[in-house]
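Participant: Got a structure here, written out as structure tokens. Questions coming.
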Amino acid sequence: MRDVTYLRPGNVRDAVQLYRTTPGCRPLAGGTDLMVMLHAGTLRPAPRAVLDLWSLPELKGVRRANDVLEIGAAEPYTGIIGSRDAQESVPALVAAARTIGAAQIQNRGTLGGNLANASPAGDTLPVLLAYDAVVVTDRRSIPIDEFFVGYRKTALADDELITAVRLPLGRDVVFRKVGTRAAQAISKVVLAVSREPARIAIGSVAEIPLRARRAEVALERNDIAGAVAAVADDIRPIDDVRSTAAYRRQVTQNVLRELLDAFARG
Ligand SMILES: Cc1cc2nc3c(=O)[nH]c(=O)nc-3n(C[C@H](O)[C@H](O)[C@H](O)COP(=O)(O)OP(=O)(O)OC[C@H]3O[C@@H](n4cnc5c(N)ncnc54)[C@H](O)[C@@H]3O)c2cc1C
């Protein structure tokens, strides 16, 4: 920890340059994941430098542009929760942000960090999948559907920075998190569902946050019972310290039924 060099670029261009040219460099946004891992010494390889993105104005803000809502990669959850545009356009993301940690974590944690950390239990990730969000980086746009490529692995290149996330306007998405407590809990199961187009996205039930494709096909036919049955084959839950595979399977089906019934009732 003592031997880590701290780099503080003044703009995204310099950040990209430093990231490309500094060996063993790791981006630092809010630090709510990274600092925990640094202190625990669990990062392999151990970073030799951190690149502080927190204060870069280009990575902040929530703005509406044409038919999308764009959220800066280093905008903290508090900014998303407090944004009128976000409340109106992507209420499911606001609902997810409200469940993350407590106020201290919401003041520092960011979407860019949640995405790059790529935990299967990351709470915003199913929501971003249900919205068909686009991850914008310093060099390209990545459809969220192509972003998670393995356990805590993303499509980002080694020297690629997330700069923003774009979400379409006008999509009705609902969010539900099941944890041990109403607050300060890591998800046992987390779902985000859009009825039109049919999107069923789930976290904590596989090595990546995933779209339940079989269940989505049933939902496209308006077959709610079929979607609830099919979702059991879409997910790959495991037993771990937070829950059992059997519990996760059952709860996924129960919550999906509830959400789809609620959509059906209007
Ligand atoms: C007490 C506590 C409670 C928590 N509760 C929850 C919870 O309920 N739900 C939940 O989902 N998470 C939770 N978390 C995890 C964490 O807060 C989130 O994942 C948060 O979104 C991480 O964002 P950050 O900005 O702090 O990321 P950081 O810690 O700064 O970075 C995380 C990872 O992303 C990389 N990174 C960051 N920004 C970028 C970027 N722009 N481009 C490329 N790579 C980048 C970093 O190098 C690092 O690998 C909790 C953490 C703590 C400590």
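By order of appearance in the structure tokens: chains A, B, ..., then residues from 1 within every chain, and ligands from 1 in the order shown.
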From the DSSP assignment of the backbone, select every residue of stretch 16-146 of chain A that is alpha helix (DSSP H), and format the answer as a PyMOL selection string.
Facilitator: chain A and resi 16-21+34-40+77-82+84-89+91-98+103-108+111-117+124-130
Participant: What's the 12 Å shell around A:Gln250, counting only C-alpha atoms, without same-chain residues fewer than 4 positions away, as a VMD selection string?
Facilitator: chain A and resid 178 188 to 189 205 228 to 229 231 to 233 235 237 243 to 246 254 to 257
Participant: Please return as a compact mmCIF listing (two decimals) with N, CA, C and O atoms, in the first residue's frame the residues found within 6 Å of ligand 1, counting only C-alpha atoms and all ligand atoms.
Facilitator:
```txt
# COMPACT_ATOMS: atom_id res chain seq x y z
N ARG A 26 -3.80 1.51 -11.88
CA ARG A 26 -5.23 1.18 -11.71
C ARG A 26 -6.03 2.46 -11.55
O ARG A 26 -5.66 3.32 -10.74
N PRO A 27 -7.13 2.61 -12.30
CA PRO A 27 -7.98 3.78 -12.10
C PRO A 27 -8.62 3.76 -10.70
O PRO A 27 -8.92 2.70 -10.17
N LEU A 28 -8.81 4.94 -10.17
CA LEU A 28 -9.45 5.10 -8.85
C LEU A 28 -10.57 6.13 -9.04
O LEU A 28 -10.30 7.26 -9.43
N ALA A 29 -11.81 5.72 -8.79
CA ALA A 29 -12.92 6.68 -8.88
C ALA A 29 -13.31 7.04 -7.44
O ALA A 29 -12.63 7.83 -6.78
N GLY A 30 -14.38 6.42 -6.91
CA GLY A 30 -14.75 6.69 -5.52
C GLY A 30 -13.88 5.93 -4.53
O GLY A 30 -13.82 6.28 -3.35
N GLY A 31 -13.27 4.86 -4.99
CA GLY A 31 -12.39 4.07 -4.13
C GLY A 31 -13.12 3.10 -3.21
O GLY A 31 -12.48 2.43 -2.40
N THR A 32 -14.44 2.98 -3.33
CA THR A 32 -15.19 2.15 -2.36
C THR A 32 -14.96 0.66 -2.58
O THR A 32 -15.17 -0.14 -1.67
N ASP A 33 -14.56 0.28 -3.77
CA ASP A 33 -14.10 -1.10 -4.00
C ASP A 33 -12.59 -1.15 -3.95
O ASP A 33 -12.01 -2.00 -3.28
N LEU A 34 -11.96 -0.24 -4.67
CA LEU A 34 -10.50 -0.32 -4.85
C LEU A 34 -9.75 -0.19 -3.53
O LEU A 34 -8.80 -0.93 -3.26
N ALA A 73 -18.98 8.76 -15.81
CA ALA A 73 -18.51 7.53 -15.15
C ALA A 73 -18.16 7.77 -13.68
O ALA A 73 -18.29 6.87 -12.87
N THR A 99 -30.18 1.81 -3.01
CA THR A 99 -29.95 0.61 -2.18
C THR A 99 -28.46 0.34 -1.96
O THR A 99 -28.12 -0.61 -1.26
N ILE A 100 -27.60 1.12 -2.58
CA ILE A 100 -26.17 0.80 -2.50
C ILE A 100 -25.56 1.35 -1.21
O ILE A 100 -25.60 2.57 -0.96
N GLY A 101 -25.05 0.43 -0.40
CA GLY A 101 -24.39 0.81 0.84
C GLY A 101 -25.25 1.76 1.66
O GLY A 101 -26.47 1.65 1.71
N ILE A 105 -21.17 5.55 1.17
CA ILE A 105 -20.84 4.82 -0.06
C ILE A 105 -21.52 5.51 -1.24
O ILE A 105 -20.94 5.66 -2.32
N ARG A 108 -19.62 8.42 -2.65
CA ARG A 108 -18.34 8.17 -3.33
C ARG A 108 -18.46 7.14 -4.46
O ARG A 108 -17.74 7.24 -5.46
N GLY A 109 -19.31 6.15 -4.31
CA GLY A 109 -19.40 5.08 -5.31
C GLY A 109 -19.95 5.61 -6.63
O GLY A 109 -20.77 6.52 -6.66
N THR A 110 -19.47 5.02 -7.73
CA THR A 110 -19.83 5.51 -9.07
C THR A 110 -20.28 4.36 -9.97
O THR A 110 -19.95 3.19 -9.72
N LEU A 111 -20.95 4.73 -11.05
CA LEU A 111 -21.36 3.72 -12.04
C LEU A 111 -20.14 3.12 -12.73
O LEU A 111 -20.09 1.92 -12.99
N GLY A 112 -19.14 3.99 -13.04
CA GLY A 112 -17.93 3.49 -13.69
C GLY A 112 -17.25 2.44 -12.83
O GLY A 112 -16.79 1.41 -13.34
N GLY A 113 -17.23 2.67 -11.51
CA GLY A 113 -16.62 1.71 -10.59
C GLY A 113 -17.42 0.43 -10.50
O GLY A 113 -16.87 -0.67 -10.50
N ASN A 114 -18.74 0.55 -10.43
CA ASN A 114 -19.60 -0.64 -10.36
C ASN A 114 -19.41 -1.50 -11.61
O ASN A 114 -19.30 -2.72 -11.54
N ALA A 116 -16.74 -1.45 -13.86
CA ALA A 116 -15.39 -2.00 -14.04
C ALA A 116 -15.09 -3.07 -13.00
O ALA A 116 -14.37 -4.03 -13.27
N ASN A 117 -15.67 -2.94 -11.82
CA ASN A 117 -15.48 -3.96 -10.78
C ASN A 117 -16.17 -5.26 -11.18
O ASN A 117 -15.71 -6.35 -10.85
N GLY A 122 -23.18 -6.63 -8.35
CA GLY A 122 -23.26 -5.18 -8.52
C GLY A 122 -24.71 -4.77 -8.78
O GLY A 122 -25.33 -5.25 -9.73
N ASP A 123 -25.24 -3.88 -7.97
CA ASP A 123 -26.68 -3.63 -8.02
C ASP A 123 -27.14 -2.84 -9.24
O ASP A 123 -28.30 -2.95 -9.65
N LEU A 161 -10.46 3.44 -20.33
CA LEU A 161 -11.22 4.10 -19.26
C LEU A 161 -12.68 4.24 -19.65
O LEU A 161 -12.99 4.66 -20.77
N ILE A 162 -13.57 3.97 -18.72
CA ILE A 162 -14.99 4.28 -18.93
C ILE A 162 -15.15 5.78 -18.71
O ILE A 162 -14.64 6.32 -17.72
N THR A 163 -15.84 6.43 -19.63
CA THR A 163 -16.05 7.88 -19.45
C THR A 163 -17.51 8.21 -19.11
O THR A 163 -17.77 9.20 -18.44
N GLN A 184 -27.72 -1.61 3.46
CA GLN A 184 -26.38 -2.10 3.79
C GLN A 184 -26.28 -3.61 3.59
O GLN A 184 -25.74 -4.30 4.45
N ALA A 185 -26.82 -4.11 2.49
CA ALA A 185 -26.73 -5.55 2.26
C ALA A 185 -26.29 -5.82 0.83
O ALA A 185 -26.72 -5.13 -0.09
N ILE A 186 -25.42 -6.81 0.68
CA ILE A 186 -25.06 -7.24 -0.68
C ILE A 186 -26.19 -8.15 -1.16
O ILE A 186 -26.75 -8.94 -0.40
```
Participant: So that I can see what lies close to A:Leu259, please list as a PyMOL selection string the residues with an atom at most 9 Å from it, counting only C-alpha atoms and leaving out residues fewer than 3 positions away in the same chain.
Facilitator: chain A and resi 174-176+193+254-256+262-264
Participant: Would you please give, as a count of residues only, all residues of stretch 56-192 of chain A that DSSP assigns to strand (DSSP E) based on the backbone?
Facilitator: 38
Participant: Using only C-alpha atoms, which residue out of A:Ala92, A:Met37, A:Ala212, A:Leu59 lies closest to A:Asp138?
Facilitator: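 The answer is A:Leu59, which sits nearest to A:Asp138.
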Participant: Which is closest to A:Arg214 among A:Arg139, A:Arg84, A:Arg152, A:Arg199, if we use only C-alpha atoms?
Facilitator: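 Ranked by minimum distance to A:Arg214, first place goes to A:Arg199.
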Participant: Tell me, as a PyMOL selection string, which residues lie within 12 Å of A:Pro47, counting only C-alpha atoms; anything in the same chain fewer than 4 positions away does not count.
Facilitator: chain A and resi 1-6+22-28+34-35+37-39+41-43+51
Participant: Set the distance at 8 Å and use only C-alpha atoms: which residues neighbour A:Ile224 once local chain neighbours fewer than 2 positions away are removed? I'd like the list as a ChimeraX atom specification.
Facilitator: /A:218-219,222,226-228,257,260-261
Participant: Leaving out A:Val90 and any residue of its chain fewer than 3 positions from it, which residues lie within 8 Å of it when counting only C-alpha atoms, given as a VMD selection string?
Facilitator: chain A and resid 85 to 87 93 to 94 167 169 171 173
Participant: Within 10 Å of A:Glu58, counting only C-alpha atoms, which residues qualify if same-chain residues fewer than 3 places away don't, as a PyMOL selection string?
Facilitator: chain A and resi 11-12+53+55+61+72-75+163-164
Participant: Would you mind exporting the chosen residues as a compact mmCIF listing (two decimals), in the first residue's frame, restricted to N, CA and C atoms?
Facilitator:
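Generated output (again-v1.txt):
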```txt
# COMPACT_ATOMS: atom_id res chain seq x y z
N ASN A 11 -7.21 16.27 -16.76
CA ASN A 11 -8.31 16.07 -17.71
C ASN A 11 -8.25 14.64 -18.24
N VAL A 12 -9.29 14.26 -19.00
CA VAL A 12 -9.39 12.88 -19.44
C VAL A 12 -8.27 12.53 -20.41
N LEU A 53 -9.47 9.51 -10.85
CA LEU A 53 -10.42 10.07 -11.81
C LEU A 53 -11.48 10.94 -11.14
N SER A 55 -11.88 13.72 -9.58
CA SER A 55 -12.13 15.16 -9.73
C SER A 55 -12.21 15.62 -11.18
N GLY A 61 -21.51 14.47 -13.80
CA GLY A 61 -22.76 15.03 -14.32
C GLY A 61 -23.74 14.00 -14.85
N GLY A 72 -22.00 10.64 -16.25
CA GLY A 72 -20.54 10.58 -16.19
C GLY A 72 -20.08 9.39 -15.37
N ALA A 73 -18.98 8.76 -15.81
CA ALA A 73 -18.51 7.53 -15.15
C ALA A 73 -18.16 7.77 -13.68
N ALA A 74 -17.71 8.98 -13.34
CA ALA A 74 -17.30 9.25 -11.96
C ALA A 74 -18.32 10.10 -11.20
N GLU A 75 -19.55 10.14 -11.70
CA GLU A 75 -20.62 10.81 -10.95
C GLU A 75 -21.05 9.88 -9.81
N THR A 163 -15.84 6.43 -19.63
CA THR A 163 -16.05 7.88 -19.45
C THR A 163 -17.51 8.21 -19.11
N ALA A 164 -18.44 7.41 -19.62
CA ALA A 164 -19.86 7.71 -19.37
C ALA A 164 -20.70 6.46 -19.62
```
